[in-house]
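Chemist: My structure is in data13.csv, and what it holds is CSV, C-alpha atoms:
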```
chain,number,residue,atom,x,y,z
S,1,MET,CA,-149.2,79.9,-39.7
S,2,PRO,CA,-149.1,78.4,-43.2
S,3,ILE,CA,-148.9,74.6,-43.3
S,4,GLU,CA,-145.3,73.2,-43.3
S,5,TYR,CA,-145.7,70.8,-46.2
S,6,MET,CA,-142.0,69.8,-46.3
S,7,THR,CA,-142.0,68.8,-42.6
S,8,ALA,CA,-145.3,67.0,-43.0
S,9,THR,CA,-144.1,65.1,-46.0
S,10,ARG,CA,-140.8,64.2,-44.3
S,11,GLU,CA,-142.8,62.8,-41.3
S,12,THR,CA,-145.2,60.9,-43.6
S,13,TYR,CA,-142.4,59.3,-45.5
S,14,GLU,CA,-140.6,58.3,-42.3
S,15,LYS,CA,-143.8,56.7,-41.0
S,16,LEU,CA,-144.2,54.8,-44.3
S,17,GLY,CA,-140.6,53.7,-44.3
S,18,TYR,CA,-139.7,55.5,-47.5
S,19,PRO,CA,-136.4,57.2,-48.1
S,20,PRO,CA,-136.6,60.9,-47.4
S,21,TYR,CA,-138.2,63.0,-50.2
S,22,LYS,CA,-135.6,65.2,-51.8
S,23,TRP,CA,-137.1,68.7,-52.2
S,24,VAL,CA,-135.7,71.0,-54.8
S,25,ALA,CA,-133.6,73.6,-53.0
S,26,ASN,CA,-132.2,76.5,-55.1
S,27,ASP,CA,-129.9,78.6,-53.0
S,28,GLU,CA,-128.8,81.0,-55.7
S,29,LEU,CA,-130.8,84.1,-56.6
S,30,PRO,CA,-133.4,83.3,-59.3
S,31,PRO,CA,-133.3,85.0,-62.7
S,32,PHE,CA,-135.5,88.1,-62.7
S,33,LYS,CA,-136.7,90.3,-65.5
S,34,PRO,CA,-139.2,93.2,-65.0
S,35,LEU,CA,-142.1,93.4,-67.5
S,36,SER,CA,-141.0,95.5,-70.4
S,37,LYS,CA,-144.5,97.0,-70.8
S,38,PRO,CA,-147.8,97.3,-68.9
S,39,LEU,CA,-149.7,94.1,-68.4
S,40,SER,CA,-152.5,95.7,-70.5
S,41,LYS,CA,-150.2,95.5,-73.5
S,42,CYS,CA,-148.8,92.0,-72.7
S,43,ARG,CA,-149.5,88.6,-74.2
S,44,LEU,CA,-149.8,86.3,-71.2
S,45,GLY,CA,-149.1,82.6,-71.1
S,46,LEU,CA,-150.7,80.2,-68.7
S,47,VAL,CA,-149.0,77.1,-67.4
S,48,ALA,CA,-150.6,74.8,-64.8
S,49,SER,CA,-149.5,71.6,-63.1
S,50,GLY,CA,-152.9,70.4,-61.8
S,51,GLY,CA,-153.4,67.6,-64.4
S,52,ILE,CA,-155.8,69.5,-66.7
S,53,TYR,CA,-156.6,68.0,-70.1
S,54,VAL,CA,-159.4,68.5,-72.7
S,55,THR,CA,-161.8,65.7,-73.5
S,56,GLY,CA,-160.4,64.0,-76.6
S,57,GLN,CA,-156.8,64.3,-75.4
S,58,VAL,CA,-154.9,61.5,-73.7
S,59,ALA,CA,-155.1,61.9,-70.0
S,60,PHE,CA,-152.0,62.0,-67.8
S,61,HIS,CA,-150.8,58.8,-66.1
S,62,TYR,CA,-149.6,58.9,-62.5
S,63,LYS,CA,-146.0,57.8,-62.6
S,64,ASP,CA,-143.5,60.5,-63.5
S,65,ASP,CA,-145.5,61.7,-66.6
S,66,THR,CA,-143.4,64.4,-68.1
S,67,SER,CA,-145.7,65.0,-71.0
S,68,PHE,CA,-147.8,68.2,-71.4
S,69,ARG,CA,-151.1,69.2,-73.1
S,70,SER,CA,-151.7,72.2,-75.3
S,71,ILE,CA,-155.1,73.8,-74.5
S,72,PRO,CA,-156.6,76.3,-76.9
S,73,LYS,CA,-157.3,79.7,-75.2
S,74,ASP,CA,-161.0,79.5,-76.3
S,75,VAL,CA,-161.6,76.0,-74.8
S,76,LYS,CA,-165.0,75.4,-73.4
S,77,LYS,CA,-165.0,75.0,-69.7
S,78,SER,CA,-167.3,72.0,-70.0
S,79,ASP,CA,-164.6,70.2,-72.0
S,80,LEU,CA,-161.9,70.6,-69.3
S,81,ARG,CA,-161.0,67.6,-67.1
S,82,ALA,CA,-158.7,67.2,-64.1
S,83,THR,CA,-156.6,64.1,-63.2
S,84,HIS,CA,-153.9,63.9,-60.6
S,85,PHE,CA,-152.7,61.2,-58.1
S,86,ALA,CA,-151.9,63.5,-55.2
S,87,TYR,CA,-154.6,66.1,-54.5
S,88,ASP,CA,-158.3,66.1,-53.9
S,89,LEU,CA,-159.8,66.7,-57.4
S,90,THR,CA,-163.4,67.3,-56.2
S,91,ASP,CA,-163.3,71.1,-56.6
S,92,ALA,CA,-161.0,71.2,-59.7
S,93,ARG,CA,-163.5,68.9,-61.5
S,94,ASN,CA,-166.4,71.0,-60.3
S,95,ASP,CA,-164.8,74.2,-61.5
S,96,PRO,CA,-161.4,73.9,-63.2
S,97,ASN,CA,-160.7,77.6,-62.6
S,98,VAL,CA,-159.5,76.8,-59.1
S,99,VAL,CA,-156.3,75.4,-60.6
S,100,PHE,CA,-156.6,76.5,-64.3
S,101,PRO,CA,-158.0,80.1,-64.2
S,102,ILE,CA,-158.9,80.3,-67.9
S,103,ASP,CA,-162.3,81.9,-67.5
S,104,THR,CA,-160.8,84.4,-65.0
S,105,LEU,CA,-158.1,85.3,-67.5
S,106,ARG,CA,-160.5,85.6,-70.4
S,107,GLY,CA,-162.5,88.0,-68.3
S,108,LEU,CA,-159.4,90.1,-67.5
S,109,VAL,CA,-158.6,90.3,-71.2
S,110,SER,CA,-162.2,91.6,-71.8
S,111,GLU,CA,-161.7,94.2,-69.1
S,112,GLY,CA,-158.4,95.3,-70.6
S,113,VAL,CA,-156.3,94.3,-67.5
S,114,ILE,CA,-154.3,91.9,-69.7
S,115,GLY,CA,-153.5,92.6,-73.3
S,116,GLU,CA,-154.2,89.2,-74.7
S,117,LEU,CA,-153.7,85.5,-73.9
S,118,ALA,CA,-151.3,83.2,-75.8
S,119,ASP,CA,-153.1,81.0,-78.2
S,120,HIS,CA,-152.6,78.0,-76.0
S,121,ALA,CA,-152.2,77.3,-72.3
S,122,TYR,CA,-149.9,74.4,-71.3
S,123,THR,CA,-150.7,71.9,-68.6
S,124,PHE,CA,-149.0,68.9,-67.0
S,125,MET,CA,-149.4,66.7,-64.0
S,126,GLY,CA,-147.0,67.6,-61.2
S,127,GLY,CA,-145.8,65.0,-58.8
S,128,ILE,CA,-143.0,64.0,-61.1
S,129,TYR,CA,-140.4,62.6,-58.8
S,130,SER,CA,-137.4,63.5,-60.9
S,131,SER,CA,-136.6,67.2,-60.7
S,132,ARG,CA,-133.9,66.5,-63.3
S,133,ARG,CA,-136.5,65.3,-65.9
S,134,VAL,CA,-138.6,68.3,-65.2
S,135,ARG,CA,-135.6,70.6,-65.6
S,136,GLU,CA,-134.2,68.9,-68.7
S,137,GLU,CA,-137.3,67.6,-70.5
S,138,LEU,CA,-140.5,69.2,-69.5
S,139,VAL,CA,-139.5,72.8,-68.8
S,140,PRO,CA,-137.5,73.3,-72.0
S,141,ALA,CA,-140.3,71.8,-74.1
S,142,ILE,CA,-143.0,74.1,-72.6
S,143,THR,CA,-140.6,77.1,-72.8
S,144,ASP,CA,-140.1,76.5,-76.5
S,145,ARG,CA,-143.8,76.6,-77.1
S,146,LEU,CA,-144.3,79.8,-75.0
S,147,LEU,CA,-141.5,81.5,-76.9
S,148,GLU,CA,-142.9,80.4,-80.2
S,149,GLU,CA,-146.2,82.1,-79.1
S,150,LYS,CA,-144.2,85.2,-78.2
S,151,VAL,CA,-145.5,85.6,-74.7
S,152,ASP,CA,-144.3,88.6,-72.7
S,153,ALA,CA,-145.1,87.0,-69.3
S,154,VAL,CA,-146.3,83.7,-67.9
S,155,LEU,CA,-148.6,82.9,-65.0
S,156,PHE,CA,-147.6,79.5,-63.5
S,157,VAL,CA,-150.3,77.8,-61.4
S,158,PRO,CA,-148.9,74.8,-59.6
S,159,VAL,CA,-150.9,72.6,-57.2
H,1,MET,CA,-148.7,81.4,-57.6
H,2,SER,CA,-148.5,79.0,-54.8
H,3,SER,CA,-150.3,77.6,-51.7
H,4,ALA,CA,-147.2,76.1,-50.2
H,5,LEU,CA,-145.0,78.8,-48.7
H,6,ASP,CA,-142.2,76.5,-47.4
H,7,VAL,CA,-141.9,74.8,-50.8
H,8,ILE,CA,-141.7,78.1,-52.5
H,9,LYS,CA,-138.9,79.3,-50.2
H,10,SER,CA,-136.9,76.2,-51.1
H,11,VAL,CA,-137.6,76.2,-54.8
H,12,ASN,CA,-137.0,80.0,-55.0
H,13,PRO,CA,-138.8,81.1,-58.2
H,14,PRO,CA,-138.3,84.6,-59.6
H,15,ARG,CA,-141.5,86.0,-58.0
H,16,THR,CA,-144.4,84.4,-56.2
H,17,VAL,CA,-147.8,85.2,-55.0
H,18,PHE,CA,-148.9,83.1,-52.0
H,19,LEU,CA,-152.5,82.3,-51.3
H,20,ASP,CA,-153.0,80.4,-48.1
H,21,PHE,CA,-155.8,78.0,-49.3
H,22,PRO,CA,-155.9,74.2,-49.2
H,23,LEU,CA,-154.0,72.5,-52.0
H,24,GLY,CA,-156.0,72.2,-55.1
H,25,HIS,CA,-157.3,75.8,-54.9
H,26,THR,CA,-154.3,77.7,-56.1
H,27,THR,CA,-156.5,80.4,-57.8
H,28,GLY,CA,-159.6,80.4,-55.6
H,29,LYS,CA,-162.7,78.5,-54.6
H,30,PRO,CA,-165.0,76.7,-57.0
H,31,ASN,CA,-167.8,78.6,-58.6
H,32,GLU,CA,-166.9,81.9,-57.0
H,33,PRO,CA,-165.9,83.9,-60.1
H,34,SER,CA,-165.8,87.3,-58.2
H,35,LEU,CA,-163.3,85.8,-55.6
H,36,GLN,CA,-161.3,84.2,-58.4
H,37,HIS,CA,-161.2,87.5,-60.3
H,38,ASP,CA,-160.1,89.4,-57.2
H,39,ILE,CA,-157.3,86.9,-56.4
H,40,LEU,CA,-156.0,87.1,-60.0
H,41,ILE,CA,-156.1,90.9,-60.2
H,42,GLN,CA,-154.0,91.1,-57.0
H,43,ALA,CA,-151.7,88.3,-58.1
H,44,LEU,CA,-151.0,89.8,-61.5
H,45,ASP,CA,-150.2,93.1,-59.8
H,46,ALA,CA,-147.1,91.4,-58.6
H,47,PHE,CA,-145.6,91.7,-62.0
H,48,LYS,CA,-145.5,95.5,-61.3
H,49,THR,CA,-144.9,95.6,-57.5
H,50,LEU,CA,-142.4,92.8,-56.9
H,51,LYS,CA,-139.0,94.2,-57.8
H,52,SER,CA,-136.4,91.9,-56.5
H,53,PRO,CA,-135.6,88.3,-57.4
H,54,GLY,CA,-137.2,85.7,-55.1
H,55,GLU,CA,-139.7,88.0,-53.6
H,56,VAL,CA,-143.0,86.6,-52.3
H,57,MET,CA,-146.2,88.6,-52.0
H,58,LYS,CA,-148.8,87.2,-49.6
H,59,LEU,CA,-152.5,87.6,-50.4
H,60,SER,CA,-154.8,88.4,-47.5
H,61,HIS,CA,-157.7,86.2,-48.6
H,62,LYS,CA,-158.8,83.6,-46.0
H,63,TRP,CA,-160.3,80.2,-46.9
H,64,ASP,CA,-162.7,80.5,-43.9
H,65,GLU,CA,-163.2,83.2,-41.3
H,66,HIS,CA,-161.1,81.7,-38.6
H,67,ASP,CA,-158.7,79.7,-40.8
H,68,SER,CA,-160.2,76.6,-39.1
H,69,TRP,CA,-159.0,74.5,-42.1
H,70,LEU,CA,-155.5,75.0,-40.7
H,71,GLU,CA,-156.3,73.3,-37.4
H,72,GLY,CA,-156.1,69.6,-37.0
H,73,ASP,CA,-153.9,67.2,-39.0
H,74,THR,CA,-154.5,68.4,-42.5
H,75,LEU,CA,-152.1,65.9,-43.9
H,76,ALA,CA,-153.3,62.9,-41.9
H,77,GLY,CA,-152.9,59.7,-43.7
H,78,ASP,CA,-151.5,59.3,-47.2
H,79,VAL,CA,-154.0,60.7,-49.8
H,80,ARG,CA,-152.0,59.8,-52.8
H,81,GLN,CA,-153.4,57.3,-55.3
H,82,GLN,CA,-151.5,54.4,-56.8
H,83,ARG,CA,-149.1,55.6,-59.5
H,84,PHE,CA,-150.8,53.9,-62.5
H,85,GLU,CA,-148.8,54.0,-65.7
H,86,THR,CA,-151.8,54.2,-68.0
H,87,PRO,CA,-153.8,57.3,-68.7
H,88,GLN,CA,-156.2,58.1,-65.8
H,89,TYR,CA,-159.3,59.6,-67.4
H,90,GLN,CA,-161.8,61.7,-65.4
H,91,VAL,CA,-164.6,60.0,-67.1
H,92,GLU,CA,-164.8,56.7,-69.1
H,93,GLU,CA,-166.3,58.6,-72.1
H,94,ASP,CA,-162.9,60.4,-72.5
H,95,ARG,CA,-161.1,57.1,-72.8
H,96,LYS,CA,-163.5,56.0,-75.5
H,97,ARG,CA,-163.1,59.2,-77.4
H,98,VAL,CA,-159.3,58.7,-77.5
H,99,GLU,CA,-159.2,55.0,-78.0
H,100,GLY,CA,-162.1,54.9,-80.5
H,101,GLY,CA,-160.5,57.8,-82.3
H,102,ILE,CA,-163.8,59.7,-82.3
```
As structure tokens, how would this structure be written, given the file I've shared?

Modeler:
Amino acid sequence: MPIEYMTATRETYEKLGYPPYKWVANDELPPFKPLSKPLSKCRLGLVASGGIYVTGQVAFHYKDDTSFRSIPKDVKKSDLRATHFAYDLTDARNDPNVVFPIDTLRGLVSEGVIGELADHAYTFMGGIYSSRRVREELVPAITDRLLEEKVDAVLFVPV
Amino acid sequence: MSSALDVIKSVNPPRTVFLDFPLGHTTGKPNEPSLQHDILIQALDAFKTLKSPGEVMKLSHKWDEHDSWLEGDTLAGDVRQQRFETPQYQVEEDRKRVEGGI
């Protein structure tokens, strides 16, 4: 049985005396569009919420940071960093591919499984406690960038 | 992709691939490129195989043989750090690079 994170969070919040966490609940059918061509012909975007930045960039802060970082597709793995207030960063710092699979995707492009990667991947730090700000600020800003880079599909890797 | 099935069912994205690994390992284990490769190959296949809105595909990979990480109180205590409002660098050198404009 997978872990019930919502139940666990509810219980933790109750114990700590916090008001209940308001999970996003979308009851309507989500938008859905099939790929228009095989993945081997697609330009794929990568968006990840694990708090990845590149050395030289400003790191994320831990309180409702709705900013995002733009990471060149040819970034060196050794230049990647991870920062986040709410998950164990040990493995992500050891090998960022566990939450930001850039080496894996570059390999799949070489193999011809994916056509190509968008010029940049986009990263942010989840744990933004306002779903409205995510919906109204962060998501449209990243979506604009992805559309500018003419992606055919996007892989979203949350933590 | 996601490692939190109940959250995904609530958020209801267009298509999801679920990997039952501990949080912080959405696309695999560290320094195991062949596992990471296998996970992504299967995940990306969902673009082809998932055909209806909101569908979830579950990967069969196990974190450990007997799923022992799922036993016990995996969320015991509050692991969250203080919500600092200043940038939280992984290493001090990164801060110097930004603040020193190097």

Chemist: Please return, as a list in words, all residues of chain S lying within 6 Å of chain H when only C-alpha atoms are considered.

Modeler: Val24, Ala25, Asn26, Pro30, Pro31, Phe32, Thr55, Gly56, Ala59, Phe60, His61, Tyr62, Lys63, Phe85, Ala86, Asp91, Asp95, Val98, Val99, Thr104, Val157 and Val159 of chain S

Chemist: Those selected residues, please, written with C-alpha atoms and delivered as a JSON list (two decimals), keeping the file's coordinate frame.

Modeler:
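Below is the file that was written, out_33.json:
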```json
[["chain", "number", "residue", "atom", "x", "y", "z"],
["S", 24, "VAL", "CA", -135.70, 71.00, -54.80],
["S", 25, "ALA", "CA", -133.60, 73.60, -53.00],
["S", 26, "ASN", "CA", -132.20, 76.50, -55.10],
["S", 30, "PRO", "CA", -133.40, 83.30, -59.30],
["S", 31, "PRO", "CA", -133.30, 85.00, -62.70],
["S", 32, "PHE", "CA", -135.50, 88.10, -62.70],
["S", 55, "THR", "CA", -161.80, 65.70, -73.50],
["S", 56, "GLY", "CA", -160.40, 64.00, -76.60],
["S", 59, "ALA", "CA", -155.10, 61.90, -70.00],
["S", 60, "PHE", "CA", -152.00, 62.00, -67.80],
["S", 61, "HIS", "CA", -150.80, 58.80, -66.10],
["S", 62, "TYR", "CA", -149.60, 58.90, -62.50],
["S", 63, "LYS", "CA", -146.00, 57.80, -62.60],
["S", 85, "PHE", "CA", -152.70, 61.20, -58.10],
["S", 86, "ALA", "CA", -151.90, 63.50, -55.20],
["S", 91, "ASP", "CA", -163.30, 71.10, -56.60],
["S", 95, "ASP", "CA", -164.80, 74.20, -61.50],
["S", 98, "VAL", "CA", -159.50, 76.80, -59.10],
["S", 99, "VAL", "CA", -156.30, 75.40, -60.60],
["S", 104, "THR", "CA", -160.80, 84.40, -65.00],
["S", 157, "VAL", "CA", -150.30, 77.80, -61.40],
["S", 159, "VAL", "CA", -150.90, 72.60, -57.20]]
```

Chemist: Report, in Å with one decimal, the straight-line distance from CA of Arg81 (chain S) to CA of Glu4 (chain S).

Modeler: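 Going from CA of Arg81 (chain S) over to CA of Glu4 (chain S) covers 29.1 Å.
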
Chemist: When you draw a straight line from CA of Met1 (chain S) to CA of Met57 (chain H), how long is it in Å?

Modeler: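 About the pair CA of Met1 (chain S) and CA of Met57 (chain H): they are 15.4 Å apart.
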
Chemist: To one decimal place, how far is CA of Leu39 (chain S) from CA of Met125 (chain S) in Å?

Modeler: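 It comes out at 27.8 Å.
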
Chemist: Show me, as an mmCIF file with C-alpha atoms, in the coordinates of the input, the residues that have an atom within 12 Å of Lys76 (chain S) when counting only C-alpha atoms, minus same-chain residues fewer than 5 positions from it.

Modeler:
```
data_model
loop_
_atom_site.group_PDB
_atom_site.id
_atom_site.type_symbol
_atom_site.label_atom_id
_atom_site.label_comp_id
_atom_site.auth_asym_id
_atom_site.auth_seq_id
_atom_site.Cartn_x
_atom_site.Cartn_y
_atom_site.Cartn_z
ATOM 1 C CA TYR S 53 -156.600 68.000 -70.100
ATOM 2 C CA VAL S 54 -159.400 68.500 -72.700
ATOM 3 C CA THR S 55 -161.800 65.700 -73.500
ATOM 4 C CA ILE S 71 -155.100 73.800 -74.500
ATOM 5 C CA ARG S 81 -161.000 67.600 -67.100
ATOM 6 C CA ASP S 95 -164.800 74.200 -61.500
ATOM 7 C CA PRO S 96 -161.400 73.900 -63.200
ATOM 8 C CA ASN S 97 -160.700 77.600 -62.600
ATOM 9 C CA ILE S 102 -158.900 80.300 -67.900
ATOM 10 C CA ASP S 103 -162.300 81.900 -67.500
ATOM 11 C CA ARG S 106 -160.500 85.600 -70.400
#
```

Chemist: For a quick check of understanding, using all atoms listed in the file, which of S:Pro158, S:Pro72, S:Pro101, S:Gly115 has the smallest distance to Ser49 (chain S)?

Modeler: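 Going through S:Pro158, S:Pro72, S:Pro101, S:Gly115 one by one, the smallest distance to Ser49 (chain S) is for S:Pro158.
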
Chemist: Show me, as a list in words, the residues that have an atom within 9 Å of Val113 (chain S) when counting all atoms listed in the file, minus same-chain residues fewer than 2 positions from it.

Modeler: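 What passes the distance filter is Leu39, Ser40, Lys41, Gly107, Leu108, Val109, Ser110, Glu111 and Gly115 of chain S; Ile41 of chain H.
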
Chemist: All heavy atoms for region 125-136 of chain S, written as a CSV table (one decimal), keeping the file's coordinate frame, could you do that?

Modeler:
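Printed below is rebuild-v5.csv as written:
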```csv
chain,number,residue,atom,x,y,z
S,125,MET,N,-149.0,67.2,-65.3
S,125,MET,CA,-149.4,66.7,-64.0
S,125,MET,C,-148.1,66.7,-63.1
S,125,MET,O,-147.2,66.0,-63.4
S,125,MET,CB,-149.9,65.3,-64.1
S,125,MET,CG,-150.7,64.9,-62.8
S,125,MET,SD,-150.8,63.2,-62.5
S,125,MET,CE,-149.1,62.9,-61.9
S,126,GLY,N,-148.2,67.5,-62.1
S,126,GLY,CA,-147.0,67.6,-61.2
S,126,GLY,C,-146.9,66.3,-60.5
S,126,GLY,O,-147.4,65.3,-60.9
S,127,GLY,N,-146.1,66.2,-59.5
S,127,GLY,CA,-145.8,65.0,-58.8
S,127,GLY,C,-144.9,64.1,-59.7
S,127,GLY,O,-145.0,62.9,-59.7
S,128,ILE,N,-144.0,64.8,-60.4
S,128,ILE,CA,-143.0,64.0,-61.1
S,128,ILE,C,-141.8,63.9,-60.2
S,128,ILE,O,-141.3,65.0,-59.7
S,128,ILE,CB,-142.6,64.8,-62.4
S,128,ILE,CG1,-143.8,65.0,-63.3
S,128,ILE,CG2,-141.4,64.1,-63.1
S,128,ILE,CD1,-143.7,66.1,-64.3
S,129,TYR,N,-141.4,62.7,-59.8
S,129,TYR,CA,-140.4,62.6,-58.8
S,129,TYR,C,-139.0,62.7,-59.2
S,129,TYR,O,-138.1,62.4,-58.5
S,129,TYR,CB,-140.7,61.2,-58.0
S,129,TYR,CG,-141.9,61.2,-57.1
S,129,TYR,CD1,-142.7,62.3,-57.0
S,129,TYR,CD2,-142.2,60.0,-56.4
S,129,TYR,CE1,-143.8,62.3,-56.2
S,129,TYR,CE2,-143.3,60.0,-55.6
S,129,TYR,CZ,-144.1,61.2,-55.5
S,129,TYR,OH,-145.2,61.1,-54.7
S,130,SER,N,-138.8,63.2,-60.4
S,130,SER,CA,-137.4,63.5,-60.9
S,130,SER,C,-137.4,64.9,-61.3
S,130,SER,O,-137.8,65.4,-62.3
S,130,SER,CB,-137.1,62.6,-62.1
S,130,SER,OG,-135.9,63.1,-62.7
S,131,SER,N,-136.7,65.8,-60.4
S,131,SER,CA,-136.6,67.2,-60.7
S,131,SER,C,-135.7,67.3,-61.9
S,131,SER,O,-135.8,68.3,-62.7
S,131,SER,CB,-136.1,68.0,-59.5
S,131,SER,OG,-134.9,67.5,-59.1
S,132,ARG,N,-134.8,66.4,-62.1
S,132,ARG,CA,-133.9,66.5,-63.3
S,132,ARG,C,-134.7,66.3,-64.6
S,132,ARG,O,-134.5,67.1,-65.5
S,132,ARG,CB,-132.8,65.3,-63.3
S,132,ARG,CG,-131.9,65.4,-64.4
S,132,ARG,CD,-131.0,64.1,-64.5
S,132,ARG,NE,-131.8,62.9,-64.7
S,132,ARG,CZ,-132.3,62.5,-65.9
S,132,ARG,NH1,-132.2,63.2,-66.9
S,132,ARG,NH2,-133.0,61.4,-65.9
S,133,ARG,N,-135.7,65.4,-64.6
S,133,ARG,CA,-136.5,65.3,-65.9
S,133,ARG,C,-137.4,66.5,-66.1
S,133,ARG,O,-137.6,66.9,-67.2
S,133,ARG,CB,-137.3,64.0,-65.8
S,133,ARG,CG,-136.4,62.7,-65.9
S,133,ARG,CD,-137.3,61.5,-66.0
S,133,ARG,NE,-138.1,61.5,-67.2
S,133,ARG,CZ,-139.2,60.7,-67.4
S,133,ARG,NH1,-139.5,59.9,-66.4
S,133,ARG,NH2,-139.9,60.8,-68.5
S,134,VAL,N,-137.8,67.1,-65.0
S,134,VAL,CA,-138.6,68.3,-65.2
S,134,VAL,C,-137.7,69.4,-65.8
S,134,VAL,O,-138.1,70.1,-66.7
S,134,VAL,CB,-139.2,68.8,-63.8
S,134,VAL,CG1,-139.9,70.1,-63.9
S,134,VAL,CG2,-140.2,67.7,-63.3
S,135,ARG,N,-136.6,69.5,-65.2
S,135,ARG,CA,-135.6,70.6,-65.6
S,135,ARG,C,-135.1,70.4,-67.1
S,135,ARG,O,-135.0,71.3,-67.9
S,135,ARG,CB,-134.5,70.6,-64.6
S,135,ARG,CG,-133.7,71.9,-64.6
S,135,ARG,CD,-132.8,71.9,-63.4
S,135,ARG,NE,-131.9,70.8,-63.3
S,135,ARG,CZ,-131.9,69.9,-62.3
S,135,ARG,NH1,-132.7,70.0,-61.3
S,135,ARG,NH2,-131.1,68.8,-62.4
S,136,GLU,N,-134.8,69.1,-67.4
S,136,GLU,CA,-134.2,68.9,-68.7
S,136,GLU,C,-135.1,68.5,-69.8
S,136,GLU,O,-134.8,68.6,-71.0
S,136,GLU,CB,-133.1,67.7,-68.5
S,136,GLU,CG,-132.0,68.1,-67.6
S,136,GLU,CD,-131.0,67.0,-67.4
S,136,GLU,OE1,-131.1,65.9,-68.0
S,136,GLU,OE2,-130.1,67.2,-66.5
```
